[in-house]
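What follows is a short report on a single structure.
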2 protein chains.
Amino acid sequence: MNYFSSDFKLGILGGGQLGKMLLNETRKFDIYTCVLDANNEAPCKIGSHEFHLGSLMDFETVYQFGKQVDVLTIEIENVNVDALDKLEKEGVKVYPSSDTLRIIQNKATQKLFYIDHNLPTAPFSRFAYKSEIKDTIENGGLKFPFVWKATQFGYDGTGVKVVRSLDDLELLPKGECIAEELIPFKKELSVIVARNIKGEIKTFPVVEMEFHPEANQVEYVICPARIDSEIAKKAEHIALKTSDALKHVGLLAVELFLTQSDDIIINEVAPRPHNSGHQTIEANYTSQFEQHIRAILNLPFGSTASKVGGIMVNLVGEEGHEGNVVYEHIEEIMNMEGVTPHIYGKKKTRPFRKMGHVTIVHEDINEARIIAEKVKNTIKVISK
Amino acid sequence: MNYFSSDFKLGILGGGQLGKMLLNETRKFDIYTCVLDANNEAPCKIGSHEFHLGSLMDFETVYQFGKQVDVLTIEIENVNVDALDKLEKEGVKVYPSSDTLRIIQNKATQKLFYIDHNLPTAPFSRFAYKSEIKDTIENGGLKFPFVWKATQFGYDGTGVKVVRSLDDLELLPKGECIAEELIPFKKELSVIVARNIKGEIKTFPVVEMEFHPEANQVEYVICPARIDSEIAKKAEHIALKTSDALKHVGLLAVELFLTQSDDIIINEVAPRPHNSGHQTIEANYTSQFEQHIRAILNLPFGSTASKVGGIMVNLVGEEGHEGNVVYEHIEEIMNMEGVTPHIYGKKKTRPFRKMGHVTIVHEDINEARIIAEKVKNTIKVISK
């Protein structure tokens with residue numbers, strides 16, 4: 001197939017920031033793109049050839065959209081998988097596949113998959129209703145603290161909470177969930193694996209994630225991770241094993257815990273470009289977004305090596321601010337060495353909403369970390 | 001002014017490949033853009049917020065377009081300067097200014113400007129009509145070989161020709177032109193200078209250009225140039241002097257000759273992103289396109305240092321091919337280390353038409369040069 005002509009159409013389910021960064025790559029290669037999103041102000045309205053308005057969860061909408069394209073990909077997991085299933089049967093190439101998405105969409109199914117495939121992950125229990133958790137605690141089957149995770153529709157740190165008391169439990173939404181043992185990890189790591197149609201694989205360097213303690217959102221992604229090469233190898237090995245078990249096509253971001261005893265266990269995975277790979281745009285020979293496009297179009301992979309050290313800082317809405325967004329002090333951070341802001345183009349901010357990110361690149365990763373902290377303390381995403 | 005909101009509008013005159021690469025940066029910063037171009041299939045139709053169809057040379061079209069934006073820039077010099085003049089008087093910020101464009105648009109005026117400002121350039125004569133050249137030759141006032149340049153509307157290597165005989169002269173178009181002494185240079189170099197509204201300046205590293213002997217088009221841009229640091233300093237000095245004389249805002253690409261006696265003289269300049277800076281997208285901390293946006297919005301400059309060595313190879317239409325474009329063997333070059341193709345999205349190819357470029361990055365510039373030659377010999381822009 002000649003991807004570099006308008007005879008070919010790539011469909012993207014979801015028009016948010018990940019889609020927007022994918023479109024930068026499709027523009028570079030002049031690939032014709034169609035985007036489906038329910039929000040008429042989605043960032044991908046600009047940069048795509050066709051923007052279709054509609055629900056990603058509606059069978060008929062996703063099916064009809066998918067019928068018009070040659071290859072279909074996602075930038076968000078919460079899409080109608082039955083429609084993808086039907087599209088696959090009718091010859092549309094869907095990456096990641098409906099099978100992969102079914103496993104990953106539901107966190108309980110995802111955890112059971114790890115166990116079935118002998119992949120290390122924290123012990124957990126599955127609950128059809130939140131009320132069952134309380135019964136289990138009373139029967140001595142579960143102890144505080146534990147990590148509660150909604151099985152579906154979590155995003156940007158919602159749907160995950162550390163539960164330390166019955167009061168914490170009260171505040172959580174109802175519905176299917178899992179309770180996971182709280183792992184007192186040393187570090188959180190991530191490895192992004194690209195896998196193409198032929199089954200060829202390529203990993204990005206292991207990164208380290210520093211989290212905001214309350215919002216459960218990544219504050220800094222640091223590449224390369226400041227860990228021993230032995231641990232990096234272990235992390236890569238687990239990521240590759242996960243990739244091999246899932247047989248995904250496209251990217252798979254594997255989030256990992258480094259335990260106190262230097263073991264690596266899987267936290268969760270995402271079958272798409274991921275927050276832990278944003279710094280690859282400036283810091284690596286090939287960005288995660290370009291690699292995803294190369295994978296799903298069965299093009300050769302680019303080198304994933306780092307040109308320089310890279311740190312990503314998420315730009316999230318300040319607490320106490322809701323409304324039309326202003327990026328206060330953005331000019332100050334643009335005056336710092338090796339700093340590039342990415343503004344996603346969402347019109348309204350709210351506390352902890354992901355509004356953009358900033359990349360800091362430097363030959364010395366420790367220098368980059370110092371600048372990253374300055375960036376974090378300078379720019380504020382507020383409303384006015 | 002808050003550039004990162006939809007209250008602000010940036011206008012771009014011209015919707016070609018340079019505009020397209022500018023739009024990648026405006027998308028990153030979420031800057032609202034309006035583009036004017038006469039071609040309804042221009043690359044900038046995708047990626048801009050508003051695409052306006054109309055002639056860049058028509059006073060009324062350019063004026064009406066300019067009235068709708070806050071800052072107006074160009075991606076091609078051939079625009080109606082009188083309209084820009086009027087827009088400036090009415091408060092629209094135009095960068096580069098109409099004054100700068102008037103000097104640069106006409107190559108005779110440009111040459112006279114160098115002489116007035118004591119900037120080194122090759123000796124030349126100006127002719128209102130081509131017929132005058134013949135008379136001058138017959139009177140002994142001009143000798144073969146010399147370089148003929150049309151004073152206006154040259155692009156992509158058209159409008160420049162080495163003239164070695166009366167037969168060569170016959171083949172040239174009529175109209176105003178200059179005849180320049182043919183300089184037997186060692187190398188062609190280029191320095192891109194960014195200058196903002198406050199007069200702050202920043203230069204990109206000196207690059208070396210290897211030209212196609214017939215088409216007079218750049219085949220390879222090599223960064224850093226393989227020259228002594230003393231010569232690099234001399235080149236930078238001349239570029240900065242030119243920038244200072246022109247007082248441009250935005251980028252100024254200064255093309256230079258390194259003579260046999262190691263002198264640096266100016267060939268010509270362009271007040272915009274330039275073919276000799278394309279490799280900055282992958283190879284430098286800040287790309288020329290981002291720097292242009294930073295300059296015209298009076299934002300702080302980014303670092304222009306190289307992360308790695310970079311080479312740019314132009315993708316031009318093969319001789320003997322005219323029609324719907326096909327990029328033959330593009331997958332082979334994407335399999336080479338550090339190689340990124342940029343496809344401009346022009347539907348039709350013709351001999352020597354610029355259809356895209358390829359960047360090759362590598363820590364060792366000599367390794368990059370070897371890969372660049374492989375790229376050049378592999379990919380073919382043909383029609384089918």
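Here's how to read the names in the structure tokens: chain A, B, ... by the order shown, residue numbers from 1 in each chain, ligand numbers from 1 in the order shown.
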
Shell around range 301-305 of chain B at 6 Å using only C-alpha atoms, local window under 6 positions removed, as number ranges by chain
B: 204, 284-286

Would you output that residue set with N, CA, C and O atoms, as a PDB file, in the first residue's frame?
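New file result_16.pdb:
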ATOM      1  N   PHE B 204      22.358  30.506  14.201  1.00  0.00           N
ATOM      2  CA  PHE B 204      22.495  29.055  14.134  1.00  0.00           C
ATOM      3  C   PHE B 204      23.932  28.744  13.696  1.00  0.00           C
ATOM      4  O   PHE B 204      24.601  29.599  13.088  1.00  0.00           O
ATOM      5  N   ASN B 284      18.969  20.330  16.113  1.00  0.00           N
ATOM      6  CA  ASN B 284      19.286  21.422  17.042  1.00  0.00           C
ATOM      7  C   ASN B 284      18.289  21.522  18.192  1.00  0.00           C
ATOM      8  O   ASN B 284      17.172  21.031  18.095  1.00  0.00           O
ATOM      9  N   TYR B 285      18.695  22.191  19.254  1.00  0.00           N
ATOM     10  CA  TYR B 285      17.816  22.359  20.420  1.00  0.00           C
ATOM     11  C   TYR B 285      16.544  23.108  20.023  1.00  0.00           C
ATOM     12  O   TYR B 285      15.461  22.798  20.517  1.00  0.00           O
ATOM     13  N   THR B 286      16.682  24.084  19.143  1.00  0.00           N
ATOM     14  CA  THR B 286      15.520  24.827  18.660  1.00  0.00           C
ATOM     15  C   THR B 286      15.556  24.794  17.141  1.00  0.00           C
ATOM     16  O   THR B 286      16.611  25.000  16.555  1.00  0.00           O
TER      17      THR B 286
END

Using only C-alpha atoms, find each residue in chain B having at least one atom no more than 6 Å away from chain A; report its shortest atom-to-atom pair and that distance in Å (one decimal), rows by chain then rising number, as a tab-separated table.
residue	atom	partner	partner_atom	distance
B:Lys28	CA	A:His342	CA	5.1
B:Phe29	CA	A:Ile343	CA	5.0
B:Asp30	CA	A:Gly345	CA	5.4
B:Ile46	CA	A:Gly47	CA	5.4
B:Gly47	CA	A:Gly47	CA	4.0
B:Pro300	CA	A:Asn335	CA	5.2
B:Asn335	CA	A:Pro300	CA	5.2
B:His342	CA	A:Lys28	CA	5.1
B:Ile343	CA	A:Phe29	CA	5.1
B:Gly345	CA	A:Asp30	CA	5.4

Could you save those same residues with C-alpha atoms as a tab-separated table (two decimals), in the first residue's frame?
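File produced: out00.tsv:
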chain	number	residue	atom	x	y	z
B	28	LYS	CA	2.86	23.06	19.41
B	29	PHE	CA	2.26	26.44	21.02
B	30	ASP	CA	-1.46	26.43	20.13
B	46	ILE	CA	-4.16	21.40	6.66
B	47	GLY	CA	-2.82	22.61	10.01
B	300	PRO	CA	12.78	34.65	24.29
B	335	ASN	CA	15.39	1.71	7.53
B	342	HIS	CA	9.65	15.11	5.29
B	343	ILE	CA	7.03	14.94	2.55
B	345	GLY	CA	2.35	17.06	0.21

Please provide the set of residues having any atom within 6 Å of Ser98 in chain A, restricted to only C-alpha atoms, with same-chain residues fewer than 6 positions apart removed, written as a VMD selection string.
chain A and resid 81 84 to 85

Using only C-alpha atoms, the best pick from B:Lys374, B:Arg226, B:Arg102, B:Lys174 as closest to Lys186 in chain B would be B:Arg226

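What separates CA of Val358 in chain A from CA of Asn314 in chain A is a distance of 6.4 Å.
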
### Closest of A:Ile311, A:Ile178, A:Cys223, A:Leu112 to Leu142 in chain A - atom-to-atom distances counting only C-alpha atoms
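Of A:Ile311, A:Ile178, A:Cys223, A:Leu112, the one nearest Leu142 in chain A, counting only C-alpha atoms, is A:Ile178.
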
Pairwise distance, CA of Phe65 in chain A with CA of His52 in chain B, equals 28.7 Å

Report task. Identify all residues of range 148-242 of chain A in alpha helix (DSSP H) (DSSP on the backbone) and supply them as a ChimeraX atom specification. Result -> /A:166-170,229-242

Can you write just those residues out, N, CA, C and O atoms, as a tab-separated table (two decimals), in the first residue's frame?
chain	number	residue	atom	x	y	z
A	166	LEU	N	-11.82	3.39	56.31
A	166	LEU	CA	-13.20	3.26	55.84
A	166	LEU	C	-13.71	4.59	55.28
A	166	LEU	O	-14.49	4.61	54.33
A	167	ASP	N	-13.24	5.70	55.88
A	167	ASP	CA	-13.63	7.02	55.37
A	167	ASP	C	-13.17	7.22	53.93
A	167	ASP	O	-13.92	7.71	53.09
A	168	ASP	N	-11.93	6.85	53.66
A	168	ASP	CA	-11.41	6.91	52.27
A	168	ASP	C	-12.32	6.11	51.35
A	168	ASP	O	-12.66	6.54	50.25
A	169	LEU	N	-12.71	4.93	51.82
A	169	LEU	CA	-13.51	4.01	51.02
A	169	LEU	C	-14.87	4.64	50.68
A	169	LEU	O	-15.36	4.53	49.55
A	170	GLU	N	-15.45	5.32	51.68
A	170	GLU	CA	-16.76	5.97	51.49
A	170	GLU	C	-16.77	6.92	50.30
A	170	GLU	O	-17.74	7.03	49.56
A	229	SER	N	22.27	-0.37	35.38
A	229	SER	CA	21.99	-0.98	34.08
A	229	SER	C	21.37	-2.36	34.25
A	229	SER	O	20.59	-2.81	33.43
A	230	GLU	N	21.69	-3.04	35.37
A	230	GLU	CA	21.10	-4.36	35.63
A	230	GLU	C	19.58	-4.25	35.81
A	230	GLU	O	18.81	-5.07	35.32
A	231	ILE	N	19.18	-3.20	36.52
A	231	ILE	CA	17.75	-2.99	36.77
A	231	ILE	C	17.05	-2.56	35.48
A	231	ILE	O	15.94	-3.01	35.17
A	232	ALA	N	17.73	-1.72	34.70
A	232	ALA	CA	17.17	-1.30	33.41
A	232	ALA	C	16.92	-2.53	32.53
A	232	ALA	O	15.88	-2.65	31.88
A	233	LYS	N	17.88	-3.46	32.54
A	233	LYS	CA	17.73	-4.69	31.74
A	233	LYS	C	16.53	-5.51	32.19
A	233	LYS	O	15.79	-6.06	31.39
A	234	LYS	N	16.39	-5.60	33.53
A	234	LYS	CA	15.28	-6.35	34.10
A	234	LYS	C	13.95	-5.72	33.66
A	234	LYS	O	13.01	-6.41	33.27
A	235	ALA	N	13.89	-4.39	33.72
A	235	ALA	CA	12.66	-3.67	33.34
A	235	ALA	C	12.33	-3.91	31.87
A	235	ALA	O	11.19	-4.21	31.50
A	236	GLU	N	13.36	-3.82	31.04
A	236	GLU	CA	13.18	-4.07	29.61
A	236	GLU	C	12.70	-5.49	29.34
A	236	GLU	O	11.83	-5.72	28.50
A	237	HIS	N	13.28	-6.43	30.07
A	237	HIS	CA	12.92	-7.83	29.91
A	237	HIS	C	11.44	-8.06	30.20
A	237	HIS	O	10.74	-8.73	29.44
A	238	ILE	N	10.96	-7.49	31.31
A	238	ILE	CA	9.54	-7.65	31.69
A	238	ILE	C	8.64	-6.97	30.64
A	238	ILE	O	7.60	-7.51	30.25
A	239	ALA	N	9.06	-5.80	30.18
A	239	ALA	CA	8.27	-5.07	29.18
A	239	ALA	C	8.16	-5.89	27.89
A	239	ALA	O	7.09	-6.01	27.29
A	240	LEU	N	9.27	-6.49	27.47
A	240	LEU	CA	9.28	-7.29	26.25
A	240	LEU	C	8.43	-8.54	26.40
A	240	LEU	O	7.73	-8.94	25.47
A	241	LYS	N	8.46	-9.14	27.60
A	241	LYS	CA	7.66	-10.32	27.87
A	241	LYS	C	6.16	-9.97	27.79
A	241	LYS	O	5.36	-10.74	27.24
A	242	THR	N	5.82	-8.80	28.32
A	242	THR	CA	4.42	-8.34	28.28
A	242	THR	C	3.99	-8.10	26.84
A	242	THR	O	2.90	-8.50	26.41

inquiry  = So that I can check the surroundings of Pro271 in chain A, please list as JSON, numbers by chain every protein, DNA and RNA residue that reaches within 7 Å of it, counting only C-alpha atoms and ignoring chain neighbours fewer than 4 positions away.
reply    = {"A": [96, 251, 252, 253]}
